[in-house]
Amino acid sequence: MDIVVHEANAGSAVLECSGRLNMVSAPTFRETVAKVVGEGRNRVVVELSGVEFMDSSGLGALVGSLKAARQAGGDLRIAAPSDQVEMVLKLSNMDKILRTYPDGDAAVTDWA
């Protein structure tokens with residue numbers, strides 16, 4: 001999995017992810033989010049349009065990252081999930097907890 005971190009407005013970051021969010025890449029994803037939150041950007045948008053596959057480990061990484069962001073006084077949002085990722089979110093009912101937006105800009109703008 002590739003993760004590119006983009007600085008958004010103050011206190012926000014957009015993580016553009018591509019590849020597979022699974023048991024192999026989930027630890028790296030969690031570490032990246034923890035680093036971003038530790039740097040003071042506790043409002044995290046995870047852009048998932050380039051993620052072709054996510055399993056339960058990836059879902060767990062998203063939930064753990066949501067918890068880390070919220071403990072730091074922020075939030076985590078999902079932007080542009082691929083069809084497979086959206087299906088996993090819906091089947092697990094996590095689409096009710098992880099707010100989804102059509103793109104990263106919409107998610108960041110909603111905080112403003």
# chains A, B, ... in the order shown; residues from 1 in each chain; ligands from 1
call {"tool": "residues_around", "arguments": {"residues": "Asp105 in chain A", "least_positions_apart": "5", "cutoff": "10 Å", "atoms": "only C-alpha atoms", "output": "PDB file with N, CA, C and O atoms, in the first residue's frame"}}
result
ATOM      1  N   ALA A   8      -3.724  19.672   4.673  1.00  0.00           N
ATOM      2  CA  ALA A   8      -4.955  20.387   4.298  1.00  0.00           C
ATOM      3  C   ALA A   8      -4.914  21.717   5.061  1.00  0.00           C
ATOM      4  O   ALA A   8      -3.855  22.294   5.189  1.00  0.00           O
ATOM      5  N   VAL A  14      -4.866  15.011   4.673  1.00  0.00           N
ATOM      6  CA  VAL A  14      -5.520  14.048   3.790  1.00  0.00           C
ATOM      7  C   VAL A  14      -4.495  12.965   3.471  1.00  0.00           C
ATOM      8  O   VAL A  14      -3.399  13.259   3.013  1.00  0.00           O
ATOM      9  N   VAL A  45      -8.463  12.871   6.964  1.00  0.00           N
ATOM     10  CA  VAL A  45      -9.298  12.379   5.871  1.00  0.00           C
ATOM     11  C   VAL A  45      -8.506  11.272   5.185  1.00  0.00           C
ATOM     12  O   VAL A  45      -7.353  11.465   4.812  1.00  0.00           O
ATOM     13  N   GLU A  47      -8.432   9.107   1.963  1.00  0.00           N
ATOM     14  CA  GLU A  47      -8.934   9.011   0.588  1.00  0.00           C
ATOM     15  C   GLU A  47      -8.672   7.597   0.084  1.00  0.00           C
ATOM     16  O   GLU A  47      -7.531   7.175  -0.004  1.00  0.00           O
ATOM     17  N   ALA A  79     -12.961   9.374   2.401  1.00  0.00           N
ATOM     18  CA  ALA A  79     -13.292  10.084   1.167  1.00  0.00           C
ATOM     19  C   ALA A  79     -13.171   9.129  -0.012  1.00  0.00           C
ATOM     20  O   ALA A  79     -12.231   8.347  -0.107  1.00  0.00           O
ATOM     21  N   ASP A 110     -16.140  20.365   5.246  1.00  0.00           N
ATOM     22  CA  ASP A 110     -17.184  20.152   6.236  1.00  0.00           C
ATOM     23  C   ASP A 110     -16.717  20.534   7.642  1.00  0.00           C
ATOM     24  O   ASP A 110     -17.527  20.857   8.493  1.00  0.00           O
TER      25      ASP A 110
END
call {"tool": "closest_atom_pairs", "arguments": {"of": "range 34-109 of chain A", "to": "range 2-5 of chain A", "cutoff": "12 Å", "atoms": "only C-alpha atoms", "output": "tab-separated table"}}
result
residue	atom	partner	partner_atom	distance
A:Lys35	CA	A:Val5	CA	10.6
A:Val36	CA	A:Val5	CA	8.4
A:Val37	CA	A:Val5	CA	11.8
A:Arg41	CA	A:Val5	CA	11.1
A:Val44	CA	A:Val5	CA	9.9
A:Val45	CA	A:Val5	CA	9.8
A:Val46	CA	A:Val5	CA	9.4
A:Glu47	CA	A:Ile3	CA	9.5
A:Leu48	CA	A:Ile3	CA	10.0
A:Gly50	CA	A:Asp2	CA	9.3
A:Val51	CA	A:Asp2	CA	9.3
A:Glu52	CA	A:Asp2	CA	11.9
A:Gly104	CA	A:Val5	CA	11.8
call {"tool": "residues_around", "arguments": {"residues": "range 92-95 of chain A", "least_positions_apart": "3", "cutoff": "10 Å", "atoms": "only C-alpha atoms", "output": "PyMOL selection string"}}
result
chain A and resi 56+59+62-63+78+86-89+98-100
call {"tool": "select_by_dssp", "arguments": {"residues": "range 60-96 of chain A", "states": "strand (DSSP E)", "output": "PyMOL selection string"}}
result
chain A and resi 75-79
call {"tool": "closest_residue", "arguments": {"among": "A:Gly40, A:Ala61, A:Asp55, A:Met23", "to": "Leu91 in chain A", "atoms": "only C-alpha atoms"}}
result
A:Asp55
call {"tool": "atom_distance", "arguments": {"atom1": "CA of Arg30 in chain A", "atom2": "CA of His6 in chain A"}}
result
16.3 Å
call {"tool": "atom_distance", "arguments": {"atom1": "CA of Met54 in chain A", "atom2": "CA of Thr28 in chain A"}}
result
14.1 Å
call {"tool": "atom_distance", "arguments": {"atom1": "CA of Gly19 in chain A", "atom2": "CA of Phe53 in chain A"}}
result
7.2 Å
call {"tool": "closest_residue", "arguments": {"among": "A:Ser49, A:Ser57, A:Ser18, A:Ser65", "to": "Val33 in chain A", "atoms": "only C-alpha atoms"}}
result
A:Ser65
call {"tool": "select_by_dssp", "arguments": {"residues": "range 6-76 of chain A", "states": "alpha helix (DSSP H)", "output": "MDAnalysis selection string"}}
result
chainID A and resid 26:38 56:71
call {"tool": "residues_around", "arguments": {"residues": "Gly73 in chain A", "least_positions_apart": "5", "cutoff": "9 Å", "atoms": "only C-alpha atoms", "output": "ChimeraX atom specification"}}
result
/A:42-43,68
